[in-house]
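What's in query-v7.cif: mmCIF, C-alpha atoms and all ligand atoms
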```
data_structure
loop_
_atom_site.label_atom_id
_atom_site.label_comp_id
_atom_site.auth_asym_id
_atom_site.auth_seq_id
_atom_site.Cartn_x
_atom_site.Cartn_y
_atom_site.Cartn_z
CA MET A 1 0.00 0.00 0.00
CA LEU A 2 1.20 3.51 -0.72
CA ASN A 3 1.83 5.77 2.17
CA ARG A 4 1.11 9.47 1.98
CA LYS A 5 4.61 10.43 0.88
CA GLN A 6 4.71 7.76 -1.81
CA PHE A 7 1.28 8.77 -3.03
CA LEU A 8 2.24 12.43 -3.28
CA LYS A 9 5.42 11.41 -5.11
CA THR A 10 3.85 8.99 -7.56
CA GLY A 11 0.69 11.03 -7.97
CA PHE A 12 -2.48 10.02 -9.71
CA LEU A 13 -1.25 7.20 -11.99
CA GLY A 14 0.99 5.74 -9.36
CA ALA A 15 -2.05 5.22 -7.18
CA ILE A 16 -3.43 2.33 -9.23
CA PRO A 17 -3.70 -0.51 -8.67
CA LEU A 18 -3.65 -0.84 -4.89
CA ALA A 19 -2.89 -4.31 -3.59
CA GLY A 20 -5.31 -5.50 -0.93
CA ILE A 21 -8.13 -3.14 -1.77
CA GLY A 22 -11.30 -4.76 -3.09
CA CYS A 23 -11.70 -2.25 -5.88
CA THR A 24 -9.14 -0.10 -7.63
CA ASN A 25 -11.36 2.78 -8.54
CA VAL A 26 -9.41 5.99 -9.07
CA ASN A 27 -12.29 8.07 -7.72
CA LYS A 28 -11.17 6.90 -4.30
CA PHE A 29 -8.29 9.29 -4.72
CA THR A 30 -9.49 11.98 -7.08
CA GLY A 31 -13.10 12.23 -6.01
CA SER A 32 -16.28 13.03 -7.88
CA LYS A 33 -19.71 14.25 -6.93
CA PRO A 34 -22.34 13.32 -6.13
CA VAL A 35 -21.23 10.38 -4.03
CA VAL A 36 -22.59 8.41 -1.10
CA ILE A 37 -20.62 5.99 1.07
CA ALA A 38 -21.92 3.79 3.89
CA THR A 39 -20.62 1.28 6.43
CA TRP A 40 -20.89 -2.45 5.62
CA ASN A 41 -21.49 -3.80 2.16
CA THR A 42 -25.05 -4.60 3.20
CA ALA A 43 -25.64 -0.87 2.65
CA ILE A 44 -26.06 -1.34 -1.11
CA LYS A 45 -29.84 -0.93 -0.77
CA ALA A 46 -29.46 2.05 1.52
CA ASN A 47 -27.11 3.65 -1.02
CA GLU A 48 -29.73 3.18 -3.73
CA ALA A 49 -32.27 5.16 -1.73
CA ALA A 50 -29.72 7.91 -1.13
CA TRP A 51 -28.61 7.93 -4.77
CA LYS A 52 -32.19 8.45 -6.02
CA ILE A 53 -32.05 11.82 -4.27
CA LEU A 54 -28.47 12.66 -5.19
CA GLU A 55 -28.81 11.88 -8.89
CA ASN A 56 -31.72 14.30 -9.13
CA GLU A 57 -29.58 17.06 -7.70
CA GLY A 58 -31.17 16.57 -4.30
CA TYR A 59 -29.85 17.57 -0.92
CA ALA A 60 -27.17 15.43 0.78
CA LEU A 61 -29.02 15.66 4.09
CA ASP A 62 -32.20 14.21 2.56
CA ALA A 63 -30.08 11.51 0.92
CA VAL A 64 -28.42 10.29 4.13
CA GLU A 65 -31.70 10.35 6.05
CA ALA A 66 -33.51 8.35 3.36
CA GLY A 67 -30.55 6.00 3.01
CA VAL A 68 -30.15 4.96 6.62
CA ARG A 69 -33.93 4.68 7.08
CA VAL A 70 -33.79 1.68 4.72
CA GLU A 71 -31.74 -0.16 7.35
CA GLU A 72 -33.77 1.15 10.26
CA ASP A 73 -36.90 -0.29 8.64
CA ASP A 74 -35.28 -3.64 7.82
CA PRO A 75 -35.90 -6.27 10.53
CA MET A 76 -33.09 -8.39 9.07
CA ASN A 77 -30.51 -5.84 10.15
CA MET A 78 -30.20 -6.72 13.81
CA SER A 79 -28.00 -3.78 14.77
CA VAL A 80 -30.21 -0.93 13.59
CA GLY A 81 -33.80 0.22 14.13
CA TYR A 82 -36.69 -2.26 14.00
CA GLY A 83 -35.38 -5.77 14.72
CA GLY A 84 -32.26 -4.53 16.53
CA ARG A 85 -30.87 -6.76 19.27
CA PRO A 86 -32.05 -5.73 22.73
CA ASP A 87 -30.04 -4.94 25.83
CA ARG A 88 -29.55 -7.54 28.56
CA GLU A 89 -33.02 -6.77 29.95
CA GLY A 90 -34.59 -7.58 26.56
CA ILE A 91 -35.30 -3.94 25.71
CA VAL A 92 -34.42 -2.39 22.36
CA SER A 93 -33.02 1.14 22.62
CA LEU A 94 -31.80 3.14 19.66
CA ASP A 95 -29.22 5.89 19.14
CA ALA A 96 -28.73 8.15 16.12
CA CYS A 97 -27.30 11.44 14.97
CA ILE A 98 -27.29 13.55 11.85
CA MET A 99 -25.16 16.49 10.70
CA ASP A 100 -25.63 18.85 7.79
CA ASP A 101 -23.68 21.07 5.43
CA LYS A 102 -23.88 24.03 7.78
CA GLY A 103 -22.36 22.11 10.68
CA GLU A 104 -25.76 21.84 12.39
CA CYS A 105 -26.52 18.58 14.17
CA GLY A 106 -29.16 16.63 16.06
CA ALA A 107 -29.17 13.39 18.02
CA VAL A 108 -31.33 11.04 20.05
CA VAL A 109 -30.04 8.53 22.57
CA PHE A 110 -31.69 5.65 24.41
CA LEU A 111 -34.84 6.04 22.32
CA GLN A 112 -37.39 3.25 22.70
CA ASN A 113 -40.46 2.32 20.62
CA TYR A 114 -39.72 4.44 17.55
CA LYS A 115 -38.07 2.76 14.61
CA ASN A 116 -36.57 5.76 12.80
CA PRO A 117 -34.31 7.54 15.30
CA ILE A 118 -32.50 9.28 12.44
CA SER A 119 -35.64 11.22 11.51
CA VAL A 120 -36.26 12.09 15.16
CA ALA A 121 -32.63 13.30 15.35
CA ARG A 122 -33.22 15.49 12.30
CA LYS A 123 -36.29 16.97 13.99
CA VAL A 124 -34.20 17.69 17.10
CA MET A 125 -31.79 19.57 14.83
CA GLU A 126 -34.45 21.47 12.94
CA GLU A 127 -37.22 22.01 15.48
CA THR A 128 -35.49 22.52 18.83
CA PRO A 129 -32.78 24.81 20.23
CA HIS A 130 -30.91 21.67 21.38
CA ILE A 131 -28.70 19.08 19.76
CA MET A 132 -29.57 15.95 21.74
CA LEU A 133 -32.58 14.42 23.46
CA ALA A 134 -32.41 11.28 25.60
CA GLY A 135 -34.70 8.53 26.84
CA LYS A 136 -38.20 9.55 27.93
CA GLY A 137 -37.72 13.11 26.68
CA ALA A 138 -36.72 11.85 23.25
CA GLN A 139 -39.72 9.53 23.24
CA GLN A 140 -42.12 12.32 24.17
CA PHE A 141 -40.61 14.52 21.48
CA ALA A 142 -40.99 11.76 18.86
CA LYS A 143 -44.62 11.38 19.83
CA ASP A 144 -45.25 15.12 19.66
CA GLN A 145 -43.67 15.20 16.21
CA GLY A 146 -46.14 12.58 14.99
CA PHE A 147 -43.85 9.54 14.77
CA GLU A 148 -45.64 6.24 15.16
CA GLU A 149 -45.04 4.27 18.35
CA MET A 150 -44.36 0.54 17.96
CA ASP A 151 -42.77 -2.52 19.54
CA LEU A 152 -39.24 -2.85 18.13
CA LEU A 153 -38.46 -6.34 19.45
CA THR A 154 -38.98 -8.84 16.63
CA PRO A 155 -39.46 -12.58 17.33
CA LYS A 156 -36.01 -13.20 15.81
CA ALA A 157 -34.30 -10.67 18.12
CA LYS A 158 -36.25 -11.99 21.12
CA GLU A 159 -35.13 -15.51 20.31
CA ALA A 160 -31.50 -14.40 20.05
CA TRP A 161 -31.77 -12.63 23.41
CA GLU A 162 -33.32 -15.72 25.05
CA LYS A 163 -30.48 -17.82 23.71
CA TRP A 164 -27.96 -15.34 25.07
CA LEU A 165 -29.70 -15.48 28.47
CA GLU A 166 -28.89 -19.20 28.73
CA ASN A 167 -25.34 -18.19 29.64
CA GLY A 168 -25.95 -14.50 30.14
CA LYS A 169 -22.26 -13.85 29.74
CA TYR A 170 -21.66 -10.21 29.01
CA GLU A 171 -18.60 -9.46 26.98
CA PRO A 172 -18.58 -5.83 25.99
CA GLU A 173 -16.84 -6.63 22.74
CA VAL A 174 -18.30 -6.22 19.33
CA ASN A 175 -18.06 -9.47 17.46
CA ILE A 176 -15.79 -8.89 14.50
CA GLU A 177 -18.22 -10.16 11.86
CA ASN A 178 -21.46 -9.22 13.45
CA HIS A 179 -22.33 -5.57 13.73
CA ASP A 180 -24.06 -3.45 11.16
CA THR A 181 -24.48 0.05 12.53
CA ILE A 182 -25.00 2.21 9.51
CA GLY A 183 -22.99 5.37 9.12
CA MET A 184 -23.57 7.16 5.82
CA LEU A 185 -21.77 10.16 4.31
CA ALA A 186 -22.87 12.03 1.19
CA LEU A 187 -21.67 14.86 -1.01
CA ASP A 188 -24.32 16.22 -3.34
CA ALA A 189 -24.04 17.78 -6.79
CA GLU A 190 -23.85 21.25 -5.22
CA GLY A 191 -20.96 20.19 -3.00
CA ARG A 192 -22.98 20.00 0.22
CA LEU A 193 -21.76 17.39 2.72
CA SER A 194 -23.96 15.58 5.26
CA GLY A 195 -23.78 12.49 7.42
CA ALA A 196 -25.99 10.17 9.45
CA CYS A 197 -25.32 7.37 11.90
CA THR A 198 -27.90 5.05 13.49
CA THR A 199 -27.73 1.94 15.65
CA SER A 200 -29.34 -0.27 18.26
CA GLY A 201 -25.89 -0.34 19.85
CA ALA A 202 -23.93 -3.24 21.20
CA ALA A 203 -26.08 -6.35 21.68
CA TRP A 204 -26.76 -7.28 25.30
CA LYS A 205 -25.44 -3.93 26.51
CA MET A 206 -26.28 -2.68 30.00
CA HIS A 207 -29.68 -1.03 30.13
CA GLY A 208 -29.06 2.67 29.46
CA ARG A 209 -25.72 2.23 27.72
CA VAL A 210 -25.04 4.67 24.88
CA GLY A 211 -22.14 4.18 22.49
CA ASP A 212 -20.41 6.34 19.92
CA SER A 213 -23.02 6.31 17.17
CA PRO A 214 -25.17 9.27 18.36
CA LEU A 215 -22.21 11.32 19.58
CA ILE A 216 -21.11 14.11 17.29
CA GLY A 217 -17.32 13.90 16.95
CA ALA A 218 -17.23 10.20 17.83
CA GLY A 219 -19.64 8.18 15.63
CA LEU A 220 -20.02 11.01 13.11
CA PHE A 221 -18.51 14.35 12.24
CA VAL A 222 -18.97 16.69 9.30
CA ASP A 223 -16.98 19.82 8.62
CA PRO A 224 -18.61 21.33 5.55
CA GLU A 225 -15.30 22.88 4.43
CA ILE A 226 -13.18 19.75 4.83
CA GLY A 227 -14.99 16.43 4.86
CA ALA A 228 -16.93 13.92 6.91
CA ALA A 229 -16.24 10.73 8.83
CA CYS A 230 -18.22 8.03 10.62
CA ALA A 231 -17.56 4.90 12.65
CA THR A 232 -18.82 1.42 13.36
CA GLY A 233 -17.61 -1.14 15.85
CA LEU A 234 -16.98 -1.02 19.58
CA GLY A 235 -18.24 2.45 20.43
CA GLU A 236 -16.30 2.78 23.67
CA GLU A 237 -13.02 2.71 21.74
CA VAL A 238 -14.28 5.31 19.26
CA VAL A 239 -15.41 7.70 22.01
CA LYS A 240 -12.13 7.42 23.93
CA THR A 241 -10.23 8.66 20.88
CA ALA A 242 -12.81 11.11 19.43
CA GLY A 243 -12.57 9.07 16.23
CA SER A 244 -14.62 10.93 13.62
CA ALA A 245 -13.52 14.42 14.70
CA LEU A 246 -9.92 13.25 14.61
CA ILE A 247 -10.31 11.96 11.05
CA VAL A 248 -11.77 15.25 9.83
CA GLU A 249 -8.93 17.16 11.50
CA MET A 250 -6.39 14.88 9.78
CA MET A 251 -8.05 15.56 6.41
CA ARG A 252 -7.79 19.28 7.23
CA GLN A 253 -4.05 18.74 7.58
CA GLY A 254 -3.88 17.26 4.09
CA TYR A 255 -4.17 13.54 4.69
CA SER A 256 -6.29 11.50 2.29
CA PRO A 257 -9.51 10.00 3.67
CA GLU A 258 -7.92 6.56 3.99
CA GLU A 259 -4.79 7.90 5.68
CA ALA A 260 -6.92 9.91 8.09
CA CYS A 261 -8.93 6.78 8.98
CA LYS A 262 -5.70 4.86 9.52
CA ILE A 263 -4.41 7.52 11.92
CA ALA A 264 -7.61 7.18 13.97
CA VAL A 265 -7.27 3.38 14.05
CA ASP A 266 -3.62 3.73 15.09
CA ARG A 267 -4.72 6.04 17.90
CA ILE A 268 -6.95 3.26 19.28
CA ILE A 269 -4.15 0.74 18.94
CA SER A 270 -1.53 2.88 20.69
CA ARG A 271 -3.92 3.77 23.52
CA ASN A 272 -4.56 0.09 24.19
CA LYS A 273 -0.90 -0.79 23.82
CA ARG A 274 -0.01 1.84 26.42
CA ASN A 275 -2.55 0.36 28.81
CA GLY A 276 -1.65 -3.25 28.07
CA THR A 277 -5.18 -4.07 26.89
CA SER A 278 -5.91 -6.42 24.04
CA LEU A 279 -7.86 -5.55 20.89
CA LYS A 280 -7.88 -9.16 19.71
CA ASN A 281 -11.66 -9.41 19.56
CA THR A 282 -12.39 -5.76 18.95
CA GLN A 283 -13.38 -4.24 15.67
CA VAL A 284 -13.66 -0.57 14.78
CA GLY A 285 -14.10 0.56 11.19
CA TYR A 286 -13.95 4.14 9.94
CA LEU A 287 -15.17 5.74 6.73
CA ALA A 288 -14.23 9.17 5.44
CA LEU A 289 -15.27 11.36 2.53
CA ASN A 290 -13.62 14.63 1.66
CA LYS A 291 -14.97 17.79 0.09
CA ASP A 292 -13.79 16.64 -3.37
CA GLY A 293 -15.69 13.36 -3.15
CA ALA A 294 -12.61 11.21 -2.51
CA PHE A 295 -13.26 8.50 0.07
CA GLY A 296 -11.44 5.93 2.16
CA ALA A 297 -11.79 3.44 4.99
CA TYR A 298 -9.67 1.72 7.58
CA SER A 299 -10.33 -0.80 10.35
CA ILE A 300 -8.54 -2.58 13.17
CA GLN A 301 -9.29 -6.07 11.86
CA GLU A 302 -9.87 -7.60 8.48
CA GLY A 303 -13.53 -7.87 7.46
CA PHE A 304 -14.81 -4.31 7.53
CA THR A 305 -16.69 -3.66 4.32
CA TYR A 306 -18.50 -0.67 2.93
CA ALA A 307 -20.55 0.41 -0.07
CA VAL A 308 -19.98 3.33 -2.41
CA TYR A 309 -22.28 4.85 -5.02
CA ASN A 310 -20.98 7.49 -7.40
CA ALA A 311 -20.90 8.00 -11.17
CA ASP A 312 -19.22 4.57 -11.49
CA GLY A 313 -22.18 2.79 -9.92
CA ASN A 314 -23.05 1.17 -6.61
CA ARG A 315 -20.48 -1.32 -5.35
CA LYS A 316 -19.08 -3.18 -2.40
CA MET A 317 -15.63 -2.39 -1.07
CA ASP A 318 -13.20 -3.93 1.41
CA SER A 319 -11.48 -1.71 3.90
CA GLU A 320 -7.76 -1.67 4.49
CA PHE A 321 -6.98 -2.93 7.97
CA ARG A 322 -4.29 -2.83 10.58
CA SER A 323 -3.79 -6.41 11.77
N1 LIG A 401 -20.83 1.54 17.28
C1 LIG A 401 -21.96 0.88 17.83
C2 LIG A 401 -22.01 1.10 19.32
O1 LIG A 401 -20.98 0.96 19.96
C3 LIG A 401 -22.02 -0.59 17.57
C4 LIG A 401 -21.76 -1.07 16.17
O2 LIG A 401 -21.24 -0.37 15.32
O3 LIG A 401 -22.10 -2.22 15.93
O4 LIG A 401 -23.06 1.33 19.83
#
```

Rewrite the coordinates I just gave you, this time as structure tokens.
Amino acid sequence: MLNRKQFLKTGFLGAIPLAGIGCTNVNKFTGSKPVVIATWNTAIKANEAAWKILENEGYALDAVEAGVRVEEDDPMNMSVGYGGRPDREGIVSLDACIMDDKGECGAVVFLQNYKNPISVARKVMEETPHIMLAGKGAQQFAKDQGFEEMDLLTPKAKEAWEKWLENGKYEPEVNIENHDTIGMLALDAEGRLSGACTTSGAAWKMHGRVGDSPLIGAGLFVDPEIGAACATGLGEEVVKTAGSALIVEMMRQGYSPEEACKIAVDRIISRNKRNGTSLKNTQVGYLALNKDGAFGAYSIQEGFTYAVYNADGNRKMDSEFRS
């Protein structure tokens, strides 16, 4: 893989092909707009919904909201919205945040009984003087805004929880293969950047636990002048290193999206090394998109995938990884 110095030296043509990357698309480096990028290659359908808006010169904020709602509505995605895995008490609680091209943001945490936290988060941003509502207050606000109340625990998620209860062993580690929080970043035809992140959080979490996904600067950050970043994986690690804000700051300093993501992953690794803690079973994956539409990803472990839709179509990608 090329490092930053090599890339600057070899330039555009020297950047292809890249060994170890699932796709060798040059737009990764040069950028184009519009473009949408989302965590996990299961986000192909979510990208389609976002692209419908972007290709008609729509607004990036509308695109990311519509995109991640696809996953929130899908009971088969057991880490987001309806059908998400519950906490150890068997209760599904959702977290989400959204950020627009003006640097405005909104979030909800520990929201129960509403399946589209991203839209509630957008309402917090647009209809209140605040940036975050939690728990009962978030629920009341969702109700007042006309969102429909419903039971989020599907039979499949209930069954998984009952199986977990047999041992009831709580390991606050995100299984490397099995977490699908969706973070989505988009740049529209007018050059407006927005991002969204939504999750049911770590399965079997303590009741009341909130991770990185709804925290601006951790699970998501957008600087309209520079770029955007989002995270998936063990939220505690992301929060401790201010992951998404760090990535945007690294892009401000001239690093490519992938290099910036790598720096944030390295920050997690060195923190744990310093403390003598193991990351063997921990996954964190970052995505970044800059103001030119160039994108990149990096993760601690192999297996982090993402999906990109731009003028070259909608496709699955493999992230670079550290170990
Ligand atoms: N980041 C999420 C959280 O810690 C979990 C995930 O991405 O699966 O809540």

When the cut-off is 10 Å and you count all atoms listed in the file, which residues lie near ligand LIG 401 (chain A), shown as a PyMOL selection string?
chain A and resi 39-40+78-80+94-96+172-183+197-203+205+209-214+218-219+230-239+283-285

Give me, as a PyMOL selection string, all polymer residues having an atom no more than 12 Å from Asn56 in chain A, counting all atoms listed in the file and skipping those fewer than 5 positions away in the same chain.
chain A and resi 34+49-51+62-63+188-190

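Our summary of the geometry notes that CA of Ala297 in chain A is positioned 22.2 Å from CA of Lys273 in chain A.
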
Anything within 7 Å of (-38.7, -2.8, 19.2): list those residues as an mmCIF file with C-alpha atoms, in the coordinates of the input, counting only C-alpha atoms and sticking to the file's coordinates.
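Generated file (result_11.cif):
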```cif
data_model
loop_
_atom_site.group_PDB
_atom_site.id
_atom_site.type_symbol
_atom_site.label_atom_id
_atom_site.label_comp_id
_atom_site.auth_asym_id
_atom_site.auth_seq_id
_atom_site.Cartn_x
_atom_site.Cartn_y
_atom_site.Cartn_z
ATOM 1 C CA TYR A 82 -36.690 -2.260 14.000
ATOM 2 C CA GLY A 83 -35.380 -5.770 14.720
ATOM 3 C CA VAL A 92 -34.420 -2.390 22.360
ATOM 4 C CA ASN A 113 -40.460 2.320 20.620
ATOM 5 C CA MET A 150 -44.360 0.540 17.960
ATOM 6 C CA ASP A 151 -42.770 -2.520 19.540
ATOM 7 C CA LEU A 152 -39.240 -2.850 18.130
ATOM 8 C CA LEU A 153 -38.460 -6.340 19.450
ATOM 9 C CA THR A 154 -38.980 -8.840 16.630
#
```

With all atoms listed in the file as the basis for distance, which of A:Arg122, A:Lys136, A:Lys262, A:His207 is at the shortest distance from Ser319 in chain A?
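Of the candidates, the smallest distance to Ser319 in chain A is held by A:Lys262.
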
Fewer than 3 positions away in the same chain doesn't count, so skip those; otherwise give me all residues within 12 Å of Lys102 in chain A, counting only C-alpha atoms, as a PyMOL selection string.
chain A and resi 60-61+98-99+105+125+191-195+221-226

Quick one, how far is CA of Pro75 in chain A from CA of Gly146 in chain A?
21.9 Å

Between A:Glu89, A:Glu149, A:Glu65, A:Glu55, which is the closest to Gly208 in chain A once you count all atoms listed in the file?
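Going through A:Glu89, A:Glu149, A:Glu65, A:Glu55 one by one, the smallest distance to Gly208 in chain A is for A:Glu89.
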
Taking 6 positions as the minimum chain separation for residues in the same chain, which residues sit within 9 Å of Thr30 in chain A when counting all atoms listed in the file? Answer as a list of chain:residue names.
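Counting all atoms listed in the file, the residues come to A:Phe12, A:Asp292, A:Gly293, A:Ala294, A:Phe295.
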
Would you mind putting N, CA and C atoms back on range 142-153 of chain A and writing the result as a compact mmCIF listing (two decimals), in the coordinates of the input?
```
# COMPACT_ATOMS: atom_id res chain seq x y z
N ALA A 142 -40.63 12.53 20.06
CA ALA A 142 -40.99 11.76 18.86
C ALA A 142 -42.51 11.69 18.72
N LYS A 143 -43.15 11.46 19.83
CA LYS A 143 -44.62 11.38 19.83
C LYS A 143 -45.23 12.72 19.40
N ASP A 144 -44.74 13.79 19.99
CA ASP A 144 -45.25 15.12 19.66
C ASP A 144 -45.03 15.47 18.19
N GLN A 145 -43.98 14.91 17.61
CA GLN A 145 -43.67 15.20 16.21
C GLN A 145 -44.46 14.30 15.26
N GLY A 146 -45.27 13.41 15.83
CA GLY A 146 -46.14 12.58 14.99
C GLY A 146 -45.55 11.26 14.55
N PHE A 147 -44.40 10.86 15.12
CA PHE A 147 -43.85 9.54 14.77
C PHE A 147 -44.72 8.46 15.40
N GLU A 148 -44.76 7.32 14.71
CA GLU A 148 -45.64 6.24 15.16
C GLU A 148 -44.93 5.34 16.18
N GLU A 149 -45.60 5.10 17.30
CA GLU A 149 -45.04 4.27 18.35
C GLU A 149 -45.20 2.79 17.98
N MET A 150 -44.23 1.97 18.27
CA MET A 150 -44.36 0.54 17.96
C MET A 150 -43.40 -0.30 18.81
N ASP A 151 -43.66 -1.60 18.84
CA ASP A 151 -42.77 -2.52 19.54
C ASP A 151 -41.61 -2.85 18.58
N LEU A 152 -40.39 -2.64 19.02
CA LEU A 152 -39.24 -2.85 18.13
C LEU A 152 -38.64 -4.25 18.23
N LEU A 153 -39.06 -5.01 19.24
CA LEU A 153 -38.46 -6.34 19.45
C LEU A 153 -39.14 -7.37 18.55
```
